[in-house]
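Enquirer: Sharing work.pdb (PDB, C-alpha atoms) below.
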ATOM      1  CA  MET O 227     259.924  21.533 241.350  1.00  0.00           C
ATOM      2  CA  ILE O 228     257.151  23.515 243.034  1.00  0.00           C
ATOM      3  CA  LEU O 229     258.310  25.864 245.748  1.00  0.00           C
ATOM      4  CA  SER O 230     257.661  24.684 249.280  1.00  0.00           C
ATOM      5  CA  TYR O 231     257.500  27.283 252.027  1.00  0.00           C
ATOM      6  CA  SER O 232     258.141  24.562 254.565  1.00  0.00           C
ATOM      7  CA  LYS O 233     261.770  24.779 253.450  1.00  0.00           C
ATOM      8  CA  THR O 234     262.047  28.545 253.735  1.00  0.00           C
ATOM      9  CA  HIS O 235     261.477  29.206 257.427  1.00  0.00           C
ATOM     10  CA  PRO O 236     264.685  31.290 257.780  1.00  0.00           C
ATOM     11  CA  LYS O 237     263.457  33.611 255.004  1.00  0.00           C
ATOM     12  CA  ASP O 238     260.019  33.896 256.611  1.00  0.00           C
ATOM     13  CA  ALA O 239     261.625  34.581 259.990  1.00  0.00           C
ATOM     14  CA  SER O 240     263.815  37.324 258.519  1.00  0.00           C
ATOM     15  CA  LEU O 241     260.752  39.007 256.993  1.00  0.00           C
ATOM     16  CA  ILE O 242     258.989  38.913 260.341  1.00  0.00           C
ATOM     17  CA  ALA O 243     262.087  40.270 262.105  1.00  0.00           C
ATOM     18  CA  LEU O 244     262.292  43.138 259.609  1.00  0.00           C
ATOM     19  CA  ALA O 245     258.607  43.945 260.119  1.00  0.00           C
ATOM     20  CA  VAL O 246     259.089  43.970 263.898  1.00  0.00           C
ATOM     21  CA  PHE O 247     262.082  46.281 263.465  1.00  0.00           C
ATOM     22  CA  ASN O 248     259.967  48.610 261.338  1.00  0.00           C
ATOM     23  CA  LEU O 249     257.164  48.701 263.875  1.00  0.00           C
ATOM     24  CA  ALA O 250     259.638  49.327 266.699  1.00  0.00           C
ATOM     25  CA  LEU O 251     261.117  52.299 264.828  1.00  0.00           C
ATOM     26  CA  LEU O 252     257.658  53.716 264.184  1.00  0.00           C
ATOM     27  CA  ALA O 253     256.507  53.170 267.774  1.00  0.00           C
ATOM     28  CA  PHE O 254     259.638  54.895 269.089  1.00  0.00           C
ATOM     29  CA  ARG O 255     259.042  57.838 266.746  1.00  0.00           C
ATOM     30  CA  MET O 256     255.415  58.165 267.820  1.00  0.00           C
ATOM     31  CA  ALA O 257     256.404  58.054 271.484  1.00  0.00           C
ATOM     32  CA  VAL O 258     259.076  60.735 271.095  1.00  0.00           C
ATOM     33  CA  THR O 259     257.112  63.097 268.853  1.00  0.00           C
ATOM     34  CA  GLU O 260     253.652  62.326 270.305  1.00  0.00           C
ATOM     35  CA  SER O 261     252.466  62.284 266.712  1.00  0.00           C
ATOM     36  CA  LEU O 262     250.848  59.626 264.514  1.00  0.00           C
ATOM     37  CA  TYR O 263     252.677  60.932 261.465  1.00  0.00           C
ATOM     38  CA  TYR O 264     253.912  58.042 259.299  1.00  0.00           C
ATOM     39  CA  GLY O 265     251.286  55.808 260.877  1.00  0.00           C
ATOM     40  CA  PHE O 266     250.036  55.094 257.363  1.00  0.00           C
ATOM     41  CA  LEU O 267     253.181  53.014 256.832  1.00  0.00           C
ATOM     42  CA  ILE O 268     251.598  50.219 258.869  1.00  0.00           C
ATOM     43  CA  TRP O 269     248.630  49.926 256.511  1.00  0.00           C
ATOM     44  CA  ASN O 270     250.890  50.145 253.471  1.00  0.00           C
ATOM     45  CA  LEU O 271     253.007  47.289 254.827  1.00  0.00           C
ATOM     46  CA  VAL O 272     249.891  45.196 255.478  1.00  0.00           C
ATOM     47  CA  LEU O 273     248.834  45.669 251.850  1.00  0.00           C
ATOM     48  CA  ALA O 274     252.368  44.828 250.698  1.00  0.00           C
ATOM     49  CA  ALA O 275     252.079  41.504 252.537  1.00  0.00           C
ATOM     50  CA  VAL O 276     248.937  40.430 250.638  1.00  0.00           C
ATOM     51  CA  PRO O 277     250.731  39.171 247.471  1.00  0.00           C
ATOM     52  CA  TYR O 278     253.157  37.294 249.734  1.00  0.00           C
ATOM     53  CA  LEU O 279     250.219  35.650 251.504  1.00  0.00           C
ATOM     54  CA  VAL O 280     248.655  34.680 248.165  1.00  0.00           C
ATOM     55  CA  SER O 281     251.846  32.943 247.037  1.00  0.00           C
ATOM     56  CA  TRP O 282     252.185  31.336 250.476  1.00  0.00           C
ATOM     57  CA  TYR O 283     248.638  29.963 250.208  1.00  0.00           C
ATOM     58  CA  LEU O 284     249.425  28.452 246.819  1.00  0.00           C
ATOM     59  CA  SER O 285     252.580  26.848 248.178  1.00  0.00           C
ATOM     60  CA  GLU O 286     250.546  25.263 250.958  1.00  0.00           C
ATOM     61  CA  ASN O 287     247.895  24.082 248.468  1.00  0.00           C
ATOM     62  CA  GLN O 288     250.122  22.912 245.661  1.00  0.00           C
ATOM     63  CA  PRO O 289     247.431  21.041 243.666  1.00  0.00           C
ATOM     64  CA  LEU O 290     245.988  24.485 242.899  1.00  0.00           C
ATOM     65  CA  ALA O 291     249.411  25.751 241.809  1.00  0.00           C
ATOM     66  CA  GLN O 292     249.785  22.842 239.394  1.00  0.00           C
ATOM     67  CA  ARG O 293     246.532  23.456 237.488  1.00  0.00           C
ATOM     68  CA  LYS O 294     246.298  26.142 234.807  1.00  0.00           C
ATOM     69  CA  ILE O 295     242.918  27.723 235.573  1.00  0.00           C
ATOM     70  CA  PRO O 296     243.354  28.006 239.366  1.00  0.00           C
ATOM     71  CA  LEU O 297     246.895  29.310 238.883  1.00  0.00           C
ATOM     72  CA  LEU O 298     245.672  31.977 236.452  1.00  0.00           C
ATOM     73  CA  LEU O 299     242.932  33.044 238.866  1.00  0.00           C
ATOM     74  CA  PHE O 300     245.322  33.265 241.811  1.00  0.00           C
ATOM     75  CA  THR O 301     247.814  35.126 239.626  1.00  0.00           C
ATOM     76  CA  ALA O 302     245.138  37.737 238.845  1.00  0.00           C
ATOM     77  CA  LEU O 303     244.433  38.150 242.569  1.00  0.00           C
ATOM     78  CA  TRP O 304     248.150  38.319 243.324  1.00  0.00           C
ATOM     79  CA  LEU O 305     248.736  40.922 240.600  1.00  0.00           C
ATOM     80  CA  LEU O 306     245.874  43.038 241.920  1.00  0.00           C
ATOM     81  CA  PHE O 307     247.815  43.587 245.166  1.00  0.00           C
ATOM     82  CA  LEU O 308     251.390  43.309 243.869  1.00  0.00           C
ATOM     83  CA  PRO O 309     251.827  47.090 243.265  1.00  0.00           C
ATOM     84  CA  ASN O 310     251.413  47.612 247.011  1.00  0.00           C
ATOM     85  CA  ALA O 311     254.806  45.945 247.571  1.00  0.00           C
ATOM     86  CA  PRO O 312     256.994  48.507 245.747  1.00  0.00           C
ATOM     87  CA  TYR O 313     254.490  51.322 246.394  1.00  0.00           C
ATOM     88  CA  ILE O 314     256.103  52.102 249.753  1.00  0.00           C
ATOM     89  CA  ILE O 315     259.104  53.504 247.866  1.00  0.00           C
ATOM     90  CA  THR O 316     256.994  56.525 246.978  1.00  0.00           C
ATOM     91  CA  ASP O 317     256.302  57.212 250.662  1.00  0.00           C
ATOM     92  CA  PHE O 318     259.613  59.105 250.625  1.00  0.00           C
ATOM     93  CA  LEU O 319     257.492  61.924 249.178  1.00  0.00           C
ATOM     94  CA  HIS O 320     256.155  62.380 252.723  1.00  0.00           C
ATOM     95  CA  PHE O 321     259.622  63.078 254.113  1.00  0.00           C
ATOM     96  CA  LYS O 322     259.728  66.344 256.047  1.00  0.00           C
ATOM     97  CA  ARG O 323     262.832  67.965 257.411  1.00  0.00           C
ATOM     98  CA  GLU O 324     261.202  69.507 260.468  1.00  0.00           C
ATOM     99  CA  THR O 325     259.256  66.807 262.293  1.00  0.00           C
ATOM    100  CA  GLY O 326     260.820  66.658 265.744  1.00  0.00           C
ATOM    101  CA  MET O 327     263.079  63.778 264.763  1.00  0.00           C
ATOM    102  CA  PRO O 328     266.555  63.760 263.200  1.00  0.00           C
ATOM    103  CA  GLU O 329     266.534  63.502 259.414  1.00  0.00           C
ATOM    104  CA  TRP O 330     268.607  60.328 259.514  1.00  0.00           C
ATOM    105  CA  PHE O 331     265.977  58.606 261.647  1.00  0.00           C
ATOM    106  CA  ASP O 332     263.113  59.375 259.294  1.00  0.00           C
ATOM    107  CA  VAL O 333     265.211  58.300 256.307  1.00  0.00           C
ATOM    108  CA  LEU O 334     265.979  55.020 258.123  1.00  0.00           C
ATOM    109  CA  LEU O 335     262.288  54.548 258.935  1.00  0.00           C
ATOM    110  CA  LEU O 336     261.130  55.096 255.348  1.00  0.00           C
ATOM    111  CA  MET O 337     263.957  53.047 253.884  1.00  0.00           C
ATOM    112  CA  SER O 338     263.258  50.131 256.234  1.00  0.00           C
ATOM    113  CA  PHE O 339     259.544  50.033 255.432  1.00  0.00           C
ATOM    114  CA  ALA O 340     260.228  50.389 251.692  1.00  0.00           C
ATOM    115  CA  TRP O 341     262.764  47.563 251.757  1.00  0.00           C
ATOM    116  CA  ASN O 342     260.341  45.342 253.670  1.00  0.00           C
ATOM    117  CA  GLY O 343     257.678  45.946 251.024  1.00  0.00           C
ATOM    118  CA  ILE O 344     260.064  45.273 248.141  1.00  0.00           C
ATOM    119  CA  VAL O 345     261.360  42.034 249.668  1.00  0.00           C
ATOM    120  CA  LEU O 346     257.810  40.820 250.280  1.00  0.00           C
ATOM    121  CA  GLY O 347     257.139  41.480 246.615  1.00  0.00           C
ATOM    122  CA  PHE O 348     260.315  39.715 245.481  1.00  0.00           C
ATOM    123  CA  VAL O 349     259.670  36.596 247.571  1.00  0.00           C
ATOM    124  CA  SER O 350     256.103  36.319 246.304  1.00  0.00           C
ATOM    125  CA  MET O 351     257.172  36.974 242.712  1.00  0.00           C
ATOM    126  CA  GLN O 352     259.856  34.306 242.914  1.00  0.00           C
ATOM    127  CA  ALA O 353     257.249  31.817 244.111  1.00  0.00           C
ATOM    128  CA  MET O 354     254.748  32.771 241.388  1.00  0.00           C
ATOM    129  CA  ARG O 355     257.446  32.582 238.727  1.00  0.00           C
ATOM    130  CA  GLN O 356     258.316  29.062 239.847  1.00  0.00           C
ATOM    131  CA  PHE O 357     254.655  28.052 239.780  1.00  0.00           C
ATOM    132  CA  TRP O 358     254.364  29.414 236.239  1.00  0.00           C
ATOM    133  CA  HIS O 359     257.612  27.750 235.206  1.00  0.00           C
ATOM    134  CA  HIS O 360     256.276  24.411 236.380  1.00  0.00           C
ATOM    135  CA  VAL O 361     252.891  24.779 234.632  1.00  0.00           C
ATOM    136  CA  PHE O 362     253.580  26.924 231.549  1.00  0.00           C
ATOM    137  CA  GLY O 363     257.344  26.774 231.017  1.00  0.00           C
ATOM    138  CA  PHE O 364     260.434  28.976 231.353  1.00  0.00           C
ATOM    139  CA  PHE O 365     259.679  31.756 228.838  1.00  0.00           C
ATOM    140  CA  PRO O 366     256.009  32.247 229.808  1.00  0.00           C
ATOM    141  CA  SER O 367     257.079  32.512 233.454  1.00  0.00           C
ATOM    142  CA  TRP O 368     259.489  35.350 232.707  1.00  0.00           C
ATOM    143  CA  LEU O 369     257.006  37.000 230.343  1.00  0.00           C
ATOM    144  CA  MET O 370     254.546  36.975 233.235  1.00  0.00           C
ATOM    145  CA  VAL O 371     257.158  38.601 235.479  1.00  0.00           C
ATOM    146  CA  PHE O 372     257.886  41.301 232.890  1.00  0.00           C
ATOM    147  CA  GLY O 373     254.212  42.128 232.405  1.00  0.00           C
ATOM    148  CA  CYS O 374     253.473  42.149 236.126  1.00  0.00           C
ATOM    149  CA  THR O 375     256.361  44.479 236.977  1.00  0.00           C
ATOM    150  CA  ILE O 376     255.357  47.004 234.308  1.00  0.00           C
ATOM    151  CA  LEU O 377     251.719  46.812 235.415  1.00  0.00           C
ATOM    152  CA  SER O 378     252.921  47.294 238.987  1.00  0.00           C
ATOM    153  CA  GLY O 379     254.616  50.512 237.927  1.00  0.00           C
ATOM    154  CA  PHE O 380     251.293  51.646 236.486  1.00  0.00           C
ATOM    155  CA  GLY O 381     249.500  50.531 239.639  1.00  0.00           C
ATOM    156  CA  ILE O 382     251.870  52.587 241.779  1.00  0.00           C
ATOM    157  CA  TYR O 383     251.029  55.637 239.656  1.00  0.00           C
ATOM    158  CA  LEU O 384     247.286  55.025 240.119  1.00  0.00           C
ATOM    159  CA  GLY O 385     247.731  54.766 243.861  1.00  0.00           C
ATOM    160  CA  ARG O 386     250.059  57.712 244.313  1.00  0.00           C
ATOM    161  CA  TYR O 387     248.482  60.299 242.007  1.00  0.00           C
ATOM    162  CA  LEU O 388     244.893  59.145 241.438  1.00  0.00           C
ATOM    163  CA  ARG O 389     244.566  57.667 244.961  1.00  0.00           C
ATOM    164  CA  TYR O 390     243.060  54.389 243.791  1.00  0.00           C
ATOM    165  CA  ASN O 391     243.354  51.244 245.908  1.00  0.00           C
ATOM    166  CA  SER O 392     243.538  47.611 244.831  1.00  0.00           C
ATOM    167  CA  TRP O 393     239.909  46.932 245.784  1.00  0.00           C
ATOM    168  CA  ASP O 394     238.590  49.810 243.636  1.00  0.00           C
ATOM    169  CA  ILE O 395     238.614  47.423 240.684  1.00  0.00           C
ATOM    170  CA  VAL O 396     235.646  45.780 242.426  1.00  0.00           C
ATOM    171  CA  SER O 397     234.071  48.679 244.346  1.00  0.00           C
ATOM    172  CA  ASP O 398     234.313  51.358 241.638  1.00  0.00           C
ATOM    173  CA  PRO O 399     235.338  49.746 238.332  1.00  0.00           C
ATOM    174  CA  ILE O 400     233.568  52.256 236.064  1.00  0.00           C
ATOM    175  CA  ALA O 401     235.380  55.284 237.495  1.00  0.00           C
ATOM    176  CA  LEU O 402     238.640  53.353 237.485  1.00  0.00           C
ATOM    177  CA  VAL O 403     238.371  52.412 233.808  1.00  0.00           C
ATOM    178  CA  SER O 404     237.315  55.913 232.772  1.00  0.00           C
ATOM    179  CA  ASP O 405     240.311  57.427 234.585  1.00  0.00           C
ATOM    180  CA  ILE O 406     242.776  54.836 233.324  1.00  0.00           C
ATOM    181  CA  PHE O 407     242.139  55.212 229.589  1.00  0.00           C
ATOM    182  CA  PRO O 408     243.532  58.784 229.224  1.00  0.00           C
ATOM    183  CA  LEU O 409     246.685  57.719 231.078  1.00  0.00           C
ATOM    184  CA  PHE O 410     247.709  55.510 228.150  1.00  0.00           C
ATOM    185  CA  PHE O 411     248.468  58.722 226.240  1.00  0.00           C
ATOM    186  CA  ASP O 412     249.903  60.744 229.131  1.00  0.00           C
ATOM    187  CA  LEU O 413     253.692  61.068 229.058  1.00  0.00           C
ATOM    188  CA  ARG O 414     254.025  61.412 232.821  1.00  0.00           C
ATOM    189  CA  SER O 415     252.070  58.236 233.550  1.00  0.00           C
ATOM    190  CA  ILE O 416     253.936  56.345 230.817  1.00  0.00           C
ATOM    191  CA  GLY O 417     257.344  57.496 232.050  1.00  0.00           C
ATOM    192  CA  PHE O 418     256.458  56.794 235.681  1.00  0.00           C
ATOM    193  CA  SER O 419     255.107  53.313 234.903  1.00  0.00           C
ATOM    194  CA  LEU O 420     258.099  52.324 232.787  1.00  0.00           C
ATOM    195  CA  GLY O 421     260.627  53.791 235.223  1.00  0.00           C
ATOM    196  CA  TYR O 422     259.272  52.130 238.349  1.00  0.00           C
ATOM    197  CA  GLY O 423     258.281  48.970 236.497  1.00  0.00           C
ATOM    198  CA  LEU O 424     261.729  48.451 234.966  1.00  0.00           C
ATOM    199  CA  PHE O 425     263.415  49.189 238.291  1.00  0.00           C
ATOM    200  CA  PHE O 426     261.207  46.574 239.951  1.00  0.00           C
ATOM    201  CA  LEU O 427     262.004  44.107 237.150  1.00  0.00           C
ATOM    202  CA  LEU O 428     265.782  44.599 237.163  1.00  0.00           C
ATOM    203  CA  ALA O 429     265.977  44.455 240.947  1.00  0.00           C
ATOM    204  CA  PHE O 430     263.944  41.236 240.911  1.00  0.00           C
ATOM    205  CA  VAL O 431     266.189  39.693 238.241  1.00  0.00           C
ATOM    206  CA  PHE O 432     269.190  40.329 240.492  1.00  0.00           C
ATOM    207  CA  PHE O 433     267.295  38.848 243.449  1.00  0.00           C
ATOM    208  CA  SER O 434     266.217  35.814 241.417  1.00  0.00           C
ATOM    209  CA  ILE O 435     269.686  35.080 240.015  1.00  0.00           C
ATOM    210  CA  HIS O 436     271.267  35.398 243.462  1.00  0.00           C
ATOM    211  CA  THR O 437     268.610  33.117 244.984  1.00  0.00           C
ATOM    212  CA  ASP O 438     268.992  30.491 242.248  1.00  0.00           C
ATOM    213  CA  GLN O 439     272.774  30.512 242.651  1.00  0.00           C
ATOM    214  CA  GLN O 440     272.460  29.917 246.369  1.00  0.00           C
ATOM    215  CA  LYS O 441     270.161  26.938 245.757  1.00  0.00           C
ATOM    216  CA  SER O 442     272.558  25.421 243.219  1.00  0.00           C
ATOM    217  CA  GLU O 443     275.672  25.753 245.396  1.00  0.00           C
ATOM    218  CA  PRO O 444     276.619  22.527 247.189  1.00  0.00           C
ATOM    219  CA  CYS O 445     276.662  22.557 250.962  1.00  0.00           C
ATOM    220  CA  HIS O 446     280.045  21.944 252.582  1.00  0.00           C
ATOM    221  CA  ASN O 447     280.462  20.533 256.029  1.00  0.00           C
TER     222      ASN O 447
END
What would you get if you wrote out this structure as structure tokens?

Expert:
Amino acid sequence: MILSYSKTHPKDASLIALAVFNLALLAFRMAVTESLYYGFLIWNLVLAAVPYLVSWYLSENQPLAQRKIPLLLFTALWLLFLPNAPYIITDFLHFKRETGMPEWFDVLLLMSFAWNGIVLGFVSMQAMRQFWHHVFGFFPSWLMVFGCTILSGFGIYLGRYLRYNSWDIVSDPIALVSDIFPLFFDLRSIGFSLGYGLFFLLAFVFFSIHTDQQKSEPCHN
């Protein structure tokens, strides 16, 4: 059965509530410190929401999700932005001990934004996996998930260390390709991509199993 977002309003509401909580934390920090430091988290969260919006659009236009060519095209668009969801984890590299705020507050701020990004990625990935399961079958759907999580790890590396963005594949494809090729033989990029990609995969598997179990459990009055 194709996923219907009309049946997942509580999940959507919880994502919105978490985003509001994040923004409230950041606004409070900016007011206290009179600094825009960590303001980039807002843009990172916006980018993390793009793959979620792509999967939401497919769920609202299910004839597209049930046809192979449109689904493949939307999957390519979704994958282009998917690395932005777990990318926020690496924003912990910006943590500074002396910023005018208690350390615990900044850790909470970064953790909250990172979790919001990861959950957005998980929800969208669960939807895309179900679309693929319906059109291509069980094993291709999980093969897609495996490939996309590993590629997301590589995408995080490109964004963090080479400072590429998702739209650079359109705006500057030649430079992107020329910089990517040497990374296939670079141990740091390989280790980073596999490490973050496998973490993203294993965490999603746990999320997916838990979600499927909840759906299969009978409701008791």

Enquirer: Which polymer residues have any atom within 10 Å of an atom of stretch 421-436 of chain O, counting all atoms listed in the file, with same-chain residues fewer than 5 positions away left out, as a ChimeraX atom specification?

Expert: /O:309,311-313,315-316,344-345,347-349,351-352,355,368,371-383,415-416,441

Enquirer: Those residues you just picked out, can you put them in a file as a compact mmCIF listing (two decimals), in the coordinates of the input with C-alpha atoms?

Expert:
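So selection_19.txt came out as:
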# COMPACT_ATOMS: atom_id res chain seq x y z
CA PRO O 309 251.83 47.09 243.26
CA ALA O 311 254.81 45.94 247.57
CA PRO O 312 256.99 48.51 245.75
CA TYR O 313 254.49 51.32 246.39
CA ILE O 315 259.10 53.50 247.87
CA THR O 316 256.99 56.52 246.98
CA ILE O 344 260.06 45.27 248.14
CA VAL O 345 261.36 42.03 249.67
CA GLY O 347 257.14 41.48 246.62
CA PHE O 348 260.32 39.72 245.48
CA VAL O 349 259.67 36.60 247.57
CA MET O 351 257.17 36.97 242.71
CA GLN O 352 259.86 34.31 242.91
CA ARG O 355 257.45 32.58 238.73
CA TRP O 368 259.49 35.35 232.71
CA VAL O 371 257.16 38.60 235.48
CA PHE O 372 257.89 41.30 232.89
CA GLY O 373 254.21 42.13 232.40
CA CYS O 374 253.47 42.15 236.13
CA THR O 375 256.36 44.48 236.98
CA ILE O 376 255.36 47.00 234.31
CA LEU O 377 251.72 46.81 235.42
CA SER O 378 252.92 47.29 238.99
CA GLY O 379 254.62 50.51 237.93
CA PHE O 380 251.29 51.65 236.49
CA GLY O 381 249.50 50.53 239.64
CA ILE O 382 251.87 52.59 241.78
CA TYR O 383 251.03 55.64 239.66
CA SER O 415 252.07 58.24 233.55
CA ILE O 416 253.94 56.34 230.82
CA LYS O 441 270.16 26.94 245.76

Enquirer: Could you state the separation of atom CA of O:Lys322 and atom CA of O:Leu335 in Å, given to one decimal place?

Expert: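 Computed distance, atom CA of O:Lys322 to atom CA of O:Leu335, equals 12.4 Å.
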
Enquirer: Near O:Pro277, counting all atoms listed in the file, which residues have an atom at most 7 Å away, once you skip same-chain residues fewer than 3 positions from it, shown as a list in words?

Expert: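 So, after excluding close chain neighbours, the residues are Ala274, Val280, Ser281, Trp304, Phe307, Leu308, Gly347 and Ser350 of chain O.
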
Enquirer: Within 12 Å of O:Phe357, counting all atoms listed in the file, which residues qualify if same-chain residues fewer than 2 places away don't, as a compact mmCIF listing (two decimals) with C-alpha atoms, in the coordinates of the input?

Expert:
# COMPACT_ATOMS: atom_id res chain seq x y z
CA MET O 227 259.92 21.53 241.35
CA ILE O 228 257.15 23.52 243.03
CA LEU O 229 258.31 25.86 245.75
CA SER O 230 257.66 24.68 249.28
CA SER O 281 251.85 32.94 247.04
CA TRP O 282 252.18 31.34 250.48
CA LEU O 284 249.42 28.45 246.82
CA SER O 285 252.58 26.85 248.18
CA ASN O 287 247.90 24.08 248.47
CA GLN O 288 250.12 22.91 245.66
CA PRO O 289 247.43 21.04 243.67
CA LEU O 290 245.99 24.48 242.90
CA ALA O 291 249.41 25.75 241.81
CA GLN O 292 249.78 22.84 239.39
CA ARG O 293 246.53 23.46 237.49
CA LYS O 294 246.30 26.14 234.81
CA PRO O 296 243.35 28.01 239.37
CA LEU O 297 246.90 29.31 238.88
CA LEU O 298 245.67 31.98 236.45
CA PHE O 300 245.32 33.26 241.81
CA THR O 301 247.81 35.13 239.63
CA SER O 350 256.10 36.32 246.30
CA MET O 351 257.17 36.97 242.71
CA GLN O 352 259.86 34.31 242.91
CA ALA O 353 257.25 31.82 244.11
CA MET O 354 254.75 32.77 241.39
CA ARG O 355 257.45 32.58 238.73
CA HIS O 359 257.61 27.75 235.21
CA HIS O 360 256.28 24.41 236.38
CA VAL O 361 252.89 24.78 234.63
CA PHE O 362 253.58 26.92 231.55
CA GLY O 363 257.34 26.77 231.02
CA PHE O 364 260.43 28.98 231.35
CA PRO O 366 256.01 32.25 229.81
CA SER O 367 257.08 32.51 233.45
CA TRP O 368 259.49 35.35 232.71
CA MET O 370 254.55 36.98 233.24
CA VAL O 371 257.16 38.60 235.48

Enquirer: To one decimal place in Å, what is the distance between atom CA of O:Trp358 and atom CA of O:Ile395?

Expert: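 These two atoms are separated by 24.3 Å.
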
Enquirer: Please write the residues picked by the PyMOL selection byres ((chain O and resi 401-410) around 12) on this file as a VMD selection string.

Expert: chain O and resid 380 to 381 383 to 385 387 to 400 411 to 420

Enquirer: Please report the interatomic distance between atom CA of O:Leu319 and atom CA of O:Gly265 in Å with one decimal.

Expert: 14.6 Å

Enquirer: Just so the selection is clear, what residues does the PyMOL selection byres ((chain O and resi 336) around 10) cover here, as a list of chain:residue names?

Expert: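 Applying the expression gives O:Asn248, O:Leu251, O:Leu252, O:Tyr264, O:Leu267, O:Ile314, O:Ile315, O:Thr316, O:Asp317, O:Phe318, O:Leu319, O:His320, O:Phe321, O:Phe331, O:Asp332, O:Val333, O:Leu334, O:Leu335, O:Met337, O:Ser338, O:Phe339, O:Ala340, O:Trp341, O:Asn342.
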